[in-house]
$ cat query33.cif   # mmCIF, C-alpha atoms (C1' of nucleotides)
data_query
loop_
_atom_site.label_atom_id
_atom_site.label_comp_id
_atom_site.auth_asym_id
_atom_site.auth_seq_id
_atom_site.Cartn_x
_atom_site.Cartn_y
_atom_site.Cartn_z
CA MET M 1 10.88 -3.53 -13.22
CA ALA M 2 10.26 -6.55 -11.11
CA ASP M 3 10.86 -10.01 -12.26
CA ILE M 4 9.91 -13.04 -10.37
CA ASN M 5 12.07 -16.06 -10.00
CA LEU M 6 10.12 -19.21 -9.81
CA LYS M 7 12.73 -21.76 -9.10
CA VAL M 8 10.89 -22.90 -6.00
CA ARG M 9 11.32 -26.63 -5.88
CA ALA M 10 8.53 -27.64 -3.63
CA ALA M 11 9.65 -30.46 -1.42
CA GLY M 12 6.55 -32.51 -2.17
CA PHE M 13 4.40 -32.41 -5.27
CA ALA M 14 1.54 -34.81 -5.06
CA ASP M 15 -2.02 -34.25 -6.16
CA ARG M 16 -4.48 -31.96 -4.45
CA PRO M 17 -5.84 -33.36 -1.17
CA GLY M 18 -9.54 -33.05 -1.90
CA SER M 19 -11.47 -31.19 -4.55
CA ALA M 20 -13.17 -29.16 -1.84
CA THR M 21 -16.81 -28.90 -2.70
CA PRO M 22 -17.59 -25.30 -1.77
CA GLY M 23 -20.44 -25.93 0.60
CA PRO M 24 -22.67 -22.87 0.73
CA GLY M 25 -22.23 -20.61 3.72
CA ASP M 26 -19.49 -22.31 5.66
CA ALA M 27 -15.72 -22.07 5.36
CA ARG M 28 -14.59 -22.39 1.74
CA GLU M 29 -11.35 -22.99 0.02
CA PRO M 30 -9.45 -19.73 0.02
CA SER M 31 -9.66 -17.77 -3.23
CA TRP M 32 -5.94 -17.94 -3.72
CA ASP M 33 -6.06 -16.89 -7.32
CA ILE M 34 -7.90 -13.63 -6.77
CA ILE M 35 -5.94 -12.88 -3.60
CA GLU M 36 -2.62 -13.21 -5.36
CA LEU M 37 -3.70 -11.63 -8.61
CA LEU M 38 -4.90 -8.57 -6.73
CA PHE M 39 -1.52 -8.35 -5.07
CA PHE M 40 0.44 -8.50 -8.29
CA ALA M 41 -1.95 -6.41 -10.35
CA TYR M 42 -2.02 -3.65 -7.77
CA ARG M 43 1.74 -3.77 -7.38
CA ASP M 44 2.27 -3.13 -11.08
CA PHE M 45 -0.58 -0.65 -11.25
CA VAL M 46 0.88 1.66 -8.62
CA GLY M 47 4.40 0.98 -9.89
CA ASP M 48 3.95 2.96 -13.09
CA PRO M 49 3.68 6.38 -11.48
CA ASP M 50 6.52 5.68 -9.07
CA VAL M 51 9.11 6.27 -11.76
CA VAL M 52 7.82 9.75 -12.51
CA LEU M 53 7.23 10.59 -8.88
CA SER M 54 10.70 9.63 -7.73
CA LYS M 55 12.24 12.13 -10.15
CA LEU M 56 10.33 14.85 -8.32
CA ALA M 57 11.23 13.47 -4.90
CA PHE M 58 7.59 12.64 -4.35
CA GLY M 59 6.13 9.37 -3.15
CA ARG M 60 2.84 7.58 -3.37
CA ALA M 61 1.43 9.68 -0.60
CA HIS M 62 1.87 12.77 -2.77
CA HIS M 63 0.27 10.98 -5.69
CA ARG M 64 -2.81 10.07 -3.71
CA VAL M 65 -3.28 13.60 -2.44
CA LEU M 66 -2.70 15.17 -5.83
CA HIS M 67 -5.03 12.71 -7.48
CA PHE M 68 -7.99 13.35 -5.23
CA VAL M 69 -7.51 17.10 -5.16
CA ASN M 70 -7.35 17.10 -8.93
CA ARG M 71 -10.49 15.03 -9.18
CA ASN M 72 -12.33 17.00 -6.51
CA PRO M 73 -11.42 20.63 -6.82
CA GLY M 74 -12.45 22.55 -3.75
CA ILE M 75 -12.28 19.51 -1.51
CA LYS M 76 -12.07 20.18 2.20
CA VAL M 77 -9.11 18.91 4.20
CA ALA M 78 -11.42 16.83 6.38
CA ASP M 79 -12.94 15.09 3.36
CA LEU M 80 -9.55 14.34 1.94
CA LEU M 81 -8.56 12.79 5.25
CA GLY M 82 -11.68 10.65 5.13
CA ILE M 83 -10.92 9.41 1.64
CA LEU M 84 -7.27 8.68 2.30
CA ASN M 85 -7.97 7.27 5.73
CA ILE M 86 -4.96 8.91 7.33
CA THR M 87 -4.47 11.45 10.10
CA LYS M 88 -4.17 15.16 9.53
CA GLN M 89 -0.57 15.03 10.75
CA SER M 90 0.31 12.58 8.04
CA LEU M 91 -1.47 14.60 5.42
CA GLY M 92 0.12 17.79 6.71
CA ARG M 93 3.65 17.12 5.64
CA VAL M 94 2.78 15.79 2.22
CA LEU M 95 0.28 18.53 1.53
CA LYS M 96 2.70 21.21 2.63
CA GLN M 97 5.26 19.98 0.12
CA LEU M 98 2.74 19.95 -2.68
CA ILE M 99 1.71 23.49 -1.79
CA ASP M 100 5.27 24.76 -1.37
CA GLU M 101 6.24 23.42 -4.75
CA GLY M 102 3.22 24.89 -6.45
CA TYR M 103 1.16 21.82 -7.28
CA VAL M 104 -1.72 22.52 -4.95
CA LEU M 105 -3.14 25.66 -3.40
CA GLN M 106 -5.61 26.45 -0.69
CA LYS M 107 -8.47 28.90 -0.73
CA GLU M 108 -10.47 30.05 2.22
CA GLY M 109 -14.01 28.70 2.10
CA ALA M 110 -16.53 31.28 0.93
CA GLN M 111 -19.37 30.24 3.22
CA ASP M 112 -17.20 28.88 6.00
CA ARG M 113 -13.94 30.74 6.36
CA ARG M 114 -12.43 28.09 8.61
CA GLN M 115 -12.17 25.76 5.68
CA ARG M 116 -9.12 25.54 3.47
CA LEU M 117 -10.45 24.29 0.17
CA LEU M 118 -7.89 22.54 -1.98
CA TYR M 119 -7.28 23.02 -5.67
CA VAL M 120 -4.61 21.88 -8.08
CA THR M 121 -2.64 24.50 -9.95
CA ALA M 122 -1.97 24.17 -13.67
CA LYS M 123 1.31 22.54 -12.74
CA GLY M 124 -0.51 20.18 -10.41
CA GLU M 125 -3.08 19.26 -12.99
CA ALA M 126 -0.35 18.55 -15.50
CA LEU M 127 1.36 16.14 -13.13
CA ALA M 128 -1.88 14.49 -12.11
CA SER M 129 -2.77 13.99 -15.75
CA LYS M 130 0.61 12.54 -16.55
CA LEU M 131 0.33 10.02 -13.74
CA ALA M 132 -3.25 9.15 -14.62
CA SER M 133 -2.28 8.66 -18.22
CA LEU M 134 0.30 6.05 -17.25
CA GLN M 135 -2.27 4.12 -15.29
CA THR M 136 -4.85 4.59 -18.00
CA GLN M 137 -2.48 3.11 -20.55
CA ARG M 138 -2.23 -0.03 -18.47
CA ILE M 139 -5.98 -0.24 -17.99
CA THR M 140 -6.74 0.47 -21.62
CA ARG M 141 -4.31 -2.15 -22.79
CA ALA M 142 -5.72 -4.69 -20.35
CA LEU M 143 -9.32 -4.06 -21.29
CA ALA M 144 -8.49 -4.08 -24.98
CA GLU M 145 -7.08 -7.57 -24.64
CA LEU M 146 -10.34 -8.76 -23.18
CA GLY M 147 -13.79 -8.68 -24.66
CA PRO M 148 -16.06 -5.64 -25.02
CA GLY M 149 -17.83 -6.32 -21.73
CA ALA M 150 -14.58 -6.30 -19.81
CA HIS M 151 -14.77 -2.72 -18.63
CA GLU M 152 -18.18 -3.15 -17.12
CA ALA M 153 -17.22 -6.49 -15.60
CA ALA M 154 -14.12 -5.01 -13.99
CA ARG M 155 -16.13 -2.07 -12.68
CA ARG M 156 -18.73 -4.28 -11.13
CA PHE M 157 -16.17 -6.61 -9.58
CA LEU M 158 -14.22 -3.78 -8.03
CA ILE M 159 -17.33 -2.10 -6.69
CA ALA M 160 -18.47 -5.36 -5.15
CA MET M 161 -15.11 -5.67 -3.43
CA ILE M 162 -15.59 -2.39 -1.55
CA ASP M 163 -17.08 -2.37 1.94
CA ALA M 164 -20.83 -2.34 1.52
CA GLU M 165 -21.21 0.72 3.73
CA ASN M 166 -18.82 2.78 1.62
CA ARG M 167 -19.85 1.54 -1.77
CA ASP M 168 -22.47 4.12 -2.54
CA ASP M 169 -20.26 6.94 -1.36
CA VAL M 170 -17.42 5.75 -3.55
CA VAL M 171 -19.60 5.40 -6.61
CA ARG M 172 -20.97 8.87 -6.03
CA LEU M 173 -17.50 10.25 -5.46
CA ILE M 174 -16.37 8.87 -8.80
CA ALA M 175 -19.47 10.06 -10.60
CA ARG M 176 -19.17 13.53 -9.15
CA GLY M 177 -15.53 13.75 -10.15
CA ASP M 178 -16.60 13.01 -13.69
CA HIS M 179 -19.06 15.86 -13.77
CA VAL M 180 -17.22 18.56 -11.94
CA ARG M 181 -16.05 21.31 -14.22
CA LYS M 182 -12.31 21.18 -13.96
CA GLN M 183 -11.35 24.39 -12.35
CA ARG M 184 -8.17 25.56 -10.85
CA ALA M 185 -8.02 28.57 -8.63
CA MET L 186 -13.64 0.89 9.32
CA ALA L 187 -13.27 3.86 7.07
CA ASP L 188 -16.09 6.01 6.08
CA ILE L 189 -15.91 8.66 3.53
CA ASN L 190 -17.42 12.07 3.90
CA LEU L 191 -18.63 13.45 0.67
CA LYS L 192 -19.61 16.92 1.60
CA VAL L 193 -17.32 18.33 -1.08
CA ARG L 194 -19.19 21.22 -2.55
CA ALA L 195 -17.45 21.61 -5.85
CA ALA L 196 -17.17 25.26 -6.69
CA GLY L 197 -18.51 24.72 -10.18
CA PHE L 198 -20.77 22.00 -11.47
CA ALA L 199 -21.50 22.36 -15.12
CA ASP L 200 -21.72 19.62 -17.73
CA ARG L 201 -18.83 17.60 -19.00
CA PRO L 202 -16.61 19.50 -21.48
CA GLY L 203 -16.73 17.03 -24.37
CA SER L 204 -17.76 13.43 -24.64
CA ALA L 205 -14.19 12.51 -25.56
CA THR L 206 -14.31 10.08 -28.43
CA PRO L 207 -11.54 7.68 -27.53
CA GLY L 208 -9.47 7.95 -30.68
CA PRO L 209 -7.50 4.75 -31.13
CA GLY L 210 -3.87 4.90 -30.18
CA ASP L 211 -3.44 8.45 -28.96
CA ALA L 212 -4.03 9.99 -25.55
CA ARG L 213 -7.42 9.00 -24.16
CA GLU L 214 -9.58 10.20 -21.37
CA PRO L 215 -8.16 8.86 -18.15
CA SER L 216 -9.92 5.75 -16.83
CA TRP L 217 -10.87 7.51 -13.63
CA ASP L 218 -13.40 4.91 -12.62
CA ILE L 219 -11.07 1.93 -12.69
CA ILE L 220 -8.21 3.95 -11.19
CA GLU L 221 -10.28 4.99 -8.21
CA LEU L 222 -12.12 1.71 -7.81
CA LEU L 223 -8.82 -0.13 -7.68
CA PHE L 224 -7.70 2.22 -4.94
CA PHE L 225 -10.78 1.74 -2.81
CA ALA L 226 -11.18 -1.97 -3.48
CA TYR L 227 -7.58 -2.68 -2.63
CA ARG L 228 -7.75 -0.52 0.47
CA ASP L 229 -10.66 -2.50 1.86
CA PHE L 230 -9.21 -5.79 0.67
CA VAL L 231 -5.97 -5.39 2.61
CA GLY L 232 -7.81 -3.73 5.47
CA ASP L 233 -9.50 -6.92 6.61
CA PRO L 234 -6.34 -8.71 7.75
CA ASP L 235 -4.96 -5.58 9.39
CA VAL L 236 -7.28 -5.97 12.33
CA VAL L 237 -6.04 -9.46 13.13
CA LEU L 238 -2.43 -8.60 12.41
CA SER L 239 -2.33 -5.58 14.66
CA LYS L 240 -3.34 -7.72 17.63
CA LEU L 241 -0.20 -9.76 17.07
CA ALA L 242 1.95 -6.67 16.54
CA PHE L 243 2.42 -7.68 12.92
CA GLY L 244 2.00 -5.54 9.85
CA ARG L 245 1.29 -6.07 6.20
CA ALA L 246 4.89 -6.96 5.59
CA HIS L 247 4.50 -9.97 7.87
CA HIS L 248 1.30 -10.91 6.13
CA ARG L 249 2.91 -10.91 2.72
CA VAL L 250 5.83 -13.02 3.85
CA LEU L 251 3.64 -15.47 5.72
CA HIS L 252 1.27 -15.70 2.78
CA PHE L 253 3.87 -16.60 0.20
CA VAL L 254 5.72 -18.99 2.46
CA ASN L 255 2.45 -20.71 3.25
CA ARG L 256 1.59 -20.97 -0.40
CA ASN L 257 5.07 -22.04 -1.45
CA PRO L 258 6.48 -24.31 1.19
CA GLY L 259 10.20 -24.75 0.75
CA ILE L 260 10.61 -21.42 -1.02
CA LYS L 261 14.12 -20.02 -1.13
CA VAL L 262 14.87 -16.66 0.42
CA ALA L 263 15.99 -15.33 -2.95
CA ASP L 264 12.71 -16.29 -4.61
CA LEU L 265 10.71 -14.70 -1.87
CA LEU L 266 12.68 -11.52 -2.37
CA GLY L 267 11.88 -11.63 -6.06
CA ILE L 268 8.18 -12.04 -5.45
CA LEU L 269 7.96 -9.33 -2.83
CA ASN L 270 10.31 -7.05 -4.69
CA ILE L 271 12.15 -5.93 -1.59
CA THR L 272 15.72 -6.17 -0.36
CA LYS L 273 17.03 -8.91 1.85
CA GLN L 274 17.58 -6.37 4.61
CA SER L 275 13.92 -5.46 4.60
CA LEU L 276 12.86 -9.06 4.52
CA GLY L 277 15.34 -9.91 7.24
CA ARG L 278 13.70 -8.02 10.04
CA VAL L 279 10.21 -9.22 9.27
CA LEU L 280 11.25 -12.80 8.64
CA LYS L 281 13.25 -12.91 11.85
CA GLN L 282 10.18 -11.93 13.84
CA LEU L 283 8.06 -14.58 12.16
CA ILE L 284 10.71 -17.18 12.91
CA ASP L 285 11.29 -16.03 16.49
CA GLU L 286 7.59 -16.21 17.22
CA GLY L 287 7.22 -19.63 15.70
CA TYR L 288 5.21 -18.91 12.56
CA VAL L 289 7.92 -19.77 10.06
CA LEU L 290 10.95 -21.99 10.15
CA GLN L 291 13.97 -22.55 7.98
CA LYS L 292 15.45 -25.80 6.80
CA GLU L 293 18.79 -26.27 5.16
CA GLY L 294 18.45 -27.20 1.50
CA ALA L 295 19.00 -30.90 0.85
CA GLN L 296 20.82 -30.52 -2.45
CA ASP L 297 22.30 -27.11 -1.77
CA ARG L 298 23.11 -26.61 1.86
CA ARG L 299 23.59 -22.88 1.45
CA GLN L 300 19.87 -22.44 1.00
CA ARG L 301 17.50 -21.72 3.86
CA LEU L 302 14.19 -23.10 2.65
CA LEU L 303 11.19 -21.55 4.31
CA TYR L 304 8.18 -23.34 5.71
CA VAL L 305 5.24 -22.30 7.82
CA THR L 306 4.70 -24.07 11.13
CA ALA L 307 1.26 -25.27 12.17
CA LYS L 308 0.87 -21.96 13.99
CA GLY L 309 1.92 -20.12 10.85
CA GLU L 310 -0.46 -22.02 8.67
CA ALA L 311 -3.29 -21.32 11.07
CA LEU L 312 -2.65 -17.59 10.92
CA ALA L 313 -2.21 -17.59 7.16
CA SER L 314 -5.48 -19.46 6.78
CA LYS L 315 -7.28 -17.08 9.07
CA LEU L 316 -6.10 -14.08 7.09
CA ALA L 317 -6.86 -15.72 3.77
CA SER L 318 -10.31 -16.62 4.97
CA LEU L 319 -11.09 -12.99 5.73
CA GLN L 320 -10.08 -11.98 2.24
CA THR L 321 -11.85 -14.95 0.75
CA GLN L 322 -15.05 -13.95 2.47
CA ARG L 323 -14.89 -10.58 0.78
CA ILE L 324 -14.13 -12.09 -2.60
CA THR L 325 -16.79 -14.76 -2.29
CA ARG L 326 -19.40 -12.24 -1.31
CA ALA L 327 -18.42 -9.96 -4.17
CA LEU L 328 -18.48 -12.69 -6.77
CA ALA L 329 -21.75 -14.07 -5.46
CA GLU L 330 -23.38 -10.69 -6.02
CA LEU L 331 -22.34 -10.79 -9.64
CA GLY L 332 -23.16 -13.33 -12.30
CA PRO L 333 -21.65 -16.79 -12.70
CA GLY L 334 -18.97 -15.59 -15.11
CA ALA L 335 -17.71 -13.03 -12.63
CA HIS L 336 -14.88 -15.09 -11.23
CA GLU L 337 -13.38 -15.78 -14.61
CA ALA L 338 -13.88 -12.17 -15.69
CA ALA L 339 -12.13 -10.87 -12.58
CA ARG L 340 -9.30 -13.33 -13.07
CA ARG L 341 -8.77 -12.30 -16.65
CA PHE L 342 -8.93 -8.60 -15.85
CA LEU L 343 -6.39 -8.87 -13.06
CA ILE L 344 -4.03 -10.99 -15.12
CA ALA L 345 -4.23 -8.48 -17.96
CA MET L 346 -3.30 -5.72 -15.52
CA ILE L 347 0.00 -7.38 -14.66
CA ASP L 348 3.17 -6.45 -16.51
CA ALA L 349 3.27 -8.58 -19.65
CA GLU L 350 6.75 -9.88 -18.84
CA ASN L 351 5.69 -11.17 -15.41
CA ARG L 352 2.29 -12.45 -16.34
CA ASP L 353 3.25 -16.00 -17.18
CA ASP L 354 5.39 -16.31 -14.10
CA VAL L 355 2.60 -15.10 -11.88
CA VAL L 356 0.07 -17.44 -13.40
CA ARG L 357 2.46 -20.33 -12.97
CA LEU L 358 3.21 -19.29 -9.40
CA ILE L 359 -0.47 -19.35 -8.56
CA ALA L 360 -1.06 -22.64 -10.33
CA ARG L 361 1.87 -24.26 -8.60
CA GLY L 362 0.72 -23.10 -5.20
CA ASP L 363 -2.58 -24.80 -5.88
CA HIS L 364 -0.94 -28.14 -6.54
CA VAL L 365 1.75 -28.23 -3.92
CA ARG L 366 1.03 -30.68 -1.16
CA LYS L 367 0.75 -28.56 1.92
CA GLN L 368 3.57 -29.64 4.09
CA ARG L 369 5.04 -28.11 7.13
CA ALA L 370 8.44 -29.09 8.35
"C1'" DA T 371 42.64 -22.76 -4.93
"C1'" DA T 372 39.88 -19.20 -6.47
"C1'" DT T 373 35.47 -17.56 -7.54
"C1'" DT T 374 30.70 -17.30 -7.34
"C1'" DT T 375 26.41 -17.93 -4.96
"C1'" DA T 376 22.99 -17.85 -1.05
"C1'" DT T 377 22.27 -15.90 2.91
"C1'" DG T 378 22.80 -13.01 7.00
"C1'" DT T 379 23.94 -8.86 9.50
"C1'" DC T 380 25.44 -4.20 11.00
"C1'" DA T 381 24.73 0.63 10.54
"C1'" DG T 382 22.46 4.46 9.02
"C1'" DC T 383 18.95 6.89 6.38
"C1'" DC T 384 14.29 8.04 4.56
"C1'" DA T 385 9.22 8.12 3.88
"C1'" DT T 386 5.05 7.61 5.81
"C1'" DA T 387 2.22 6.46 9.16
"C1'" DT T 388 0.73 6.82 14.24
"C1'" DT T 389 -0.82 9.15 19.04
"C1'" DG T 390 -1.37 12.96 22.07
"C1'" DA T 391 -1.39 17.64 23.16
"C1'" DC T 392 -2.21 22.09 22.15
"C1'" DA T 393 -3.24 26.60 19.29
"C1'" DT T 394 -6.14 29.45 16.33
"C1'" DA T 395 -9.87 31.05 13.89
"C1'" DT T 396 -14.50 30.68 12.89
"C1'" DT T 397 -19.16 29.26 13.29
"C1'" DC T 398 -23.01 27.63 15.88
"C1'" DT T 399 -25.99 27.57 19.94
"C1'" DC T 400 -28.19 29.04 23.97
"C1'" DG K 401 -22.61 37.89 23.69
"C1'" DA K 402 -20.59 33.88 26.05
"C1'" DG K 403 -19.47 29.35 25.47
"C1'" DA K 404 -19.23 25.22 22.81
"C1'" DA K 405 -18.26 22.94 18.76
"C1'" DT K 406 -15.82 22.70 14.36
"C1'" DA K 407 -11.96 23.02 10.80
"C1'" DT K 408 -7.52 23.26 10.52
"C1'" DG K 409 -2.61 23.53 11.78
"C1'" DT K 410 1.45 22.33 14.42
"C1'" DC K 411 4.89 20.37 17.78
"C1'" DA K 412 6.90 16.25 19.54
"C1'" DA K 413 7.72 11.58 19.95
"C1'" DT K 414 7.38 6.99 18.05
"C1'" DA K 415 6.80 2.88 14.84
"C1'" DT K 416 7.01 0.49 10.50
"C1'" DG K 417 8.95 -0.83 6.53
"C1'" DG K 418 11.38 0.39 2.91
"C1'" DC K 419 16.40 1.70 1.13
"C1'" DT K 420 21.90 1.68 0.36
"C1'" DG K 421 26.45 0.18 1.41
"C1'" DA K 422 29.65 -2.70 3.50
"C1'" DC K 423 31.04 -6.81 5.19
"C1'" DA K 424 30.91 -11.94 6.83
"C1'" DT K 425 30.19 -16.88 6.27
"C1'" DA K 426 29.45 -21.13 4.31
"C1'" DA K 427 28.85 -23.92 0.50
"C1'" DA K 428 28.99 -24.84 -4.35
"C1'" DT K 429 31.21 -24.31 -8.73
"C1'" DT K 430 35.03 -23.80 -11.82
#

$ encode --input "query33.cif" --output "structure tokens"
Amino acid sequence: MADINLKVRAAGFADRPGSATPGPGDAREPSWDIIELLFFAYRDFVGDPDVVLSKLAFGRAHHRVLHFVNRNPGIKVADLLGILNITKQSLGRVLKQLIDEGYVLQKEGAQDRRQRLLYVTAKGEALASKLASLQTQRITRALAELGPGAHEAARRFLIAMIDAENRDDVVRLIARGDHVRKQRA
Amino acid sequence: MADINLKVRAAGFADRPGSATPGPGDAREPSWDIIELLFFAYRDFVGDPDVVLSKLAFGRAHHRVLHFVNRNPGIKVADLLGILNITKQSLGRVLKQLIDEGYVLQKEGAQDRRQRLLYVTAKGEALASKLASLQTQRITRALAELGPGAHEAARRFLIAMIDAENRDDVVRLIARGDHVRKQRA
DNA sequence: AATTTATGTCAGCCATATTGACATATTCTC
DNA sequence: GAGAATATGTCAATATGGCTGACATAAATT
């Protein structure tokens, strides 16, 4: 789906300037490898679901919403906004489409009736699962190619890459998603 | 820059349905952890440069172009399009701005005078370095928190996540960038 | 001379994000 | 109970960064 032409003939091609001893603390050589690998890996990772989504006239925004509602049944709109880091106006349009087409529904909060708690429908869960399965295939294949410790290593690397302030929240969010009884309304 | 509220009171909270023995080959439990960690890690990773970019009225599109031109001095427009996976019309607008504001310049190809080879100016290299240093700080901090093998483990994981067909090209692209003599025109 | 290639550009469209203002219902607080 | 704060929704305008299609130019290739 995306091939890369590498016919770049660099005008000069001498040896590396200096081997750049990474002095502790101060400015280091940029981590070009990880920077670029993250770019390409993420590009392919989010590319898988795009094919399915485009058939439904949905985009990545819909995927993100559907994903987190599926993983966090009963999530409040405000919390979803916090996770996605977008404004309610942006969420509004996308969410409305998902609701209108029967992938997501809202229920009035039991304790607080101002809240509109979000749930996936059966249809929504089916789509979310389909998309997750595509991404899981890629992950499973990747981890299978590497050693047995690869899953844990990847986990720890990715967690360490998250803003320190958010890290605990994210880990808890993931853990809670794993324990929530899947329930649609 | 983006905190997450986790006040989601899931309506139900019983134990996990089944421990899901991952039978080889067939449909597995989704890799929720890696899926979500990739989302959050990437969000924070690209978030760092955004702050700097927005002051210059640039976006992520400018960052990507500047990054790959900086890393691949003398790159052809066509190759840049292949790497970014966008159309020339999309590139056009962004590239024009970078050129107009003196971050990038074009030179006619020596062998093939149809080509417009792209180079960063000193100003462009300074900005690219600044952005890369922000991302490098995050990566360096993350890897320092983990063991000594963490860099190699992250590398291998990310490479394995890339489409198999592109993998070799990407690895070569990164390696070549590391050896090219940095030269501005 | 004719074709192909590399690039640029015009025009219009779409998706997704933003800000700001305002509306409504509900809950909380004094 | 009145007033403030909260959760959500909505209207309007705007920006960014993608897209397609059509067309133009110059240079290389055949």

$ closest_residue --input "query33.cif" --among "M:Gly149, M:Gly59, M:Gly177, M:Gly74" --to "M:Gln115" --atoms "all atoms listed in the file"
M:Gly74

$ resolve_selection --input "query33.cif" --expression "the PyMOL selection byres ((chain K and resi 407) around 6)" --output "PyMOL selection string"
(chain M and resi 114-115) or (chain K and resi 406+408)

$ closest_residue --input "query33.cif" --among "K:DA415, K:DG409, K:DA422, K:DA402" --to "T:DA395" --atoms "all atoms listed in the file"
K:DG409

$ atom_distance --input "query33.cif" --atom1 "atom CA of M:Pro49" --atom2 "atom CA of M:Val77"
23.8 Å

$ closest_atom_pairs --input "query33.cif" --of "chain T" --to "chain M" --cutoff "8 Å" --atoms "all atoms listed in the file" --output "tab-separated table"
residue	atom	partner	partner_atom	distance
T:DA385	C1'	M:Gly59	CA	7.8
T:DT386	C1'	M:Ser90	CA	7.2
T:DA387	C1'	M:Ser90	CA	6.5
T:DA395	C1'	M:Arg114	CA	6.6
T:DT396	C1'	M:Arg114	CA	5.4
T:DT397	C1'	M:Asp112	CA	7.6

$ write_last_selection --input "query33.cif" --atoms "C-alpha atoms (C1' of nucleotides)" --output "tab-separated table (two decimals), in the coordinates of the input"
chain	number	residue	atom	x	y	z
T	385	DA	C1'	9.22	8.12	3.88
T	386	DT	C1'	5.05	7.61	5.81
T	387	DA	C1'	2.22	6.46	9.16
T	395	DA	C1'	-9.87	31.05	13.89
T	396	DT	C1'	-14.50	30.68	12.89
T	397	DT	C1'	-19.16	29.26	13.29

$ resolve_selection --input "query33.cif" --expression "the PyMOL selection byres ((chain K) within 8 of (chain L))" --output "number ranges by chain"
K: 416-418, 426-428

$ resolve_selection --input "query33.cif" --expression "the PyMOL selection byres ((chain L and resi 343) around 9)" --output "list in words"
Ile34, Leu37, Leu38, Phe40, Ala41, Tyr42, Ala142 and Ala154 of chain M; Ala338, Ala339, Arg340, Arg341, Phe342, Ile344, Ala345, Met346 and Ile347 of chain L

$ closest_residue --input "query33.cif" --among "L:Lys308, L:Lys281, L:His248, L:Arg326" --to "chain M" --atoms "only C-alpha atoms"
L:Arg326

$ atom_distance --input "query33.cif" --atom1 "atom CA of M:Asn166" --atom2 "atom CA of L:Lys315"
24.1 Å

$ residues_around --input "query33.cif" --residues "stretch 135-140 of chain M" --least-positions-apart "4" --cutoff "12 Å" --atoms "all atoms listed in the file" --output "short mmCIF file (atom, residue, chain, number, x, y, z; two decimals) with C-alpha atoms, in the coordinates of the input"
data_model
loop_
_atom_site.label_atom_id
_atom_site.label_comp_id
_atom_site.auth_asym_id
_atom_site.auth_seq_id
_atom_site.Cartn_x
_atom_site.Cartn_y
_atom_site.Cartn_z
CA ALA M 41 -1.95 -6.41 -10.35
CA TYR M 42 -2.02 -3.65 -7.77
CA ARG M 43 1.74 -3.77 -7.38
CA ASP M 44 2.27 -3.13 -11.08
CA PHE M 45 -0.58 -0.65 -11.25
CA VAL M 46 0.88 1.66 -8.62
CA GLY M 47 4.40 0.98 -9.89
CA ASP M 48 3.95 2.96 -13.09
CA PRO M 49 3.68 6.38 -11.48
CA ASP M 50 6.52 5.68 -9.07
CA VAL M 52 7.82 9.75 -12.51
CA HIS M 67 -5.03 12.71 -7.48
CA ALA M 128 -1.88 14.49 -12.11
CA SER M 129 -2.77 13.99 -15.75
CA LYS M 130 0.61 12.54 -16.55
CA LEU M 131 0.33 10.02 -13.74
CA ALA M 144 -8.49 -4.08 -24.98
CA GLU M 145 -7.08 -7.57 -24.64
CA LEU M 146 -10.34 -8.76 -23.18
CA GLY M 147 -13.79 -8.68 -24.66
CA PRO M 148 -16.06 -5.64 -25.02
CA ALA M 150 -14.58 -6.30 -19.81
CA HIS M 151 -14.77 -2.72 -18.63
CA ALA M 154 -14.12 -5.01 -13.99
CA ARG M 155 -16.13 -2.07 -12.68
CA PRO L 207 -11.54 7.68 -27.53
CA PRO L 209 -7.50 4.75 -31.13
CA GLY L 210 -3.87 4.90 -30.18
CA ASP L 211 -3.44 8.45 -28.96
CA ALA L 212 -4.03 9.99 -25.55
CA ARG L 213 -7.42 9.00 -24.16
CA GLU L 214 -9.58 10.20 -21.37
CA PRO L 215 -8.16 8.86 -18.15
CA SER L 216 -9.92 5.75 -16.83
CA TRP L 217 -10.87 7.51 -13.63
CA ASP L 218 -13.40 4.91 -12.62
CA ILE L 219 -11.07 1.93 -12.69
CA ILE L 220 -8.21 3.95 -11.19
CA GLU L 221 -10.28 4.99 -8.21
CA LEU L 223 -8.82 -0.13 -7.68
CA PHE L 224 -7.70 2.22 -4.94
CA PHE L 342 -8.93 -8.60 -15.85
CA LEU L 343 -6.39 -8.87 -13.06
CA ILE L 344 -4.03 -10.99 -15.12
CA ALA L 345 -4.23 -8.48 -17.96
CA MET L 346 -3.30 -5.72 -15.52
CA ILE L 347 0.00 -7.38 -14.66
CA ASP L 348 3.17 -6.45 -16.51
CA ALA L 349 3.27 -8.58 -19.65
#

$ atom_distance --input "query33.cif" --atom1 "atom CA of M:Gly92" --atom2 "atom C1' of K:DA405"
22.6 Å

$ residues_near_point --input "query33.cif" --point "(19.4, 4.9, 3.8)" --cutoff "10 Å" --atoms "only C-alpha atoms (C1' of nucleotides)" --output "PyMOL selection string"
(chain T and resi 381-384) or (chain K and resi 418-421)

$ write_last_selection --input "query33.cif" --atoms "C-alpha atoms (C1' of nucleotides)" --output "PDB file, in the frame of the given file"
ATOM      1  C1'  DA T 381      24.730   0.630  10.540  1.00  0.00           C
ATOM      2  C1'  DG T 382      22.460   4.460   9.020  1.00  0.00           C
ATOM      3  C1'  DC T 383      18.950   6.890   6.380  1.00  0.00           C
ATOM      4  C1'  DC T 384      14.290   8.040   4.560  1.00  0.00           C
TER       5       DC T 384
ATOM      6  C1'  DG K 418      11.380   0.390   2.910  1.00  0.00           C
ATOM      7  C1'  DC K 419      16.400   1.700   1.130  1.00  0.00           C
ATOM      8  C1'  DT K 420      21.900   1.680   0.360  1.00  0.00           C
ATOM      9  C1'  DG K 421      26.450   0.180   1.410  1.00  0.00           C
TER      10       DG K 421
END
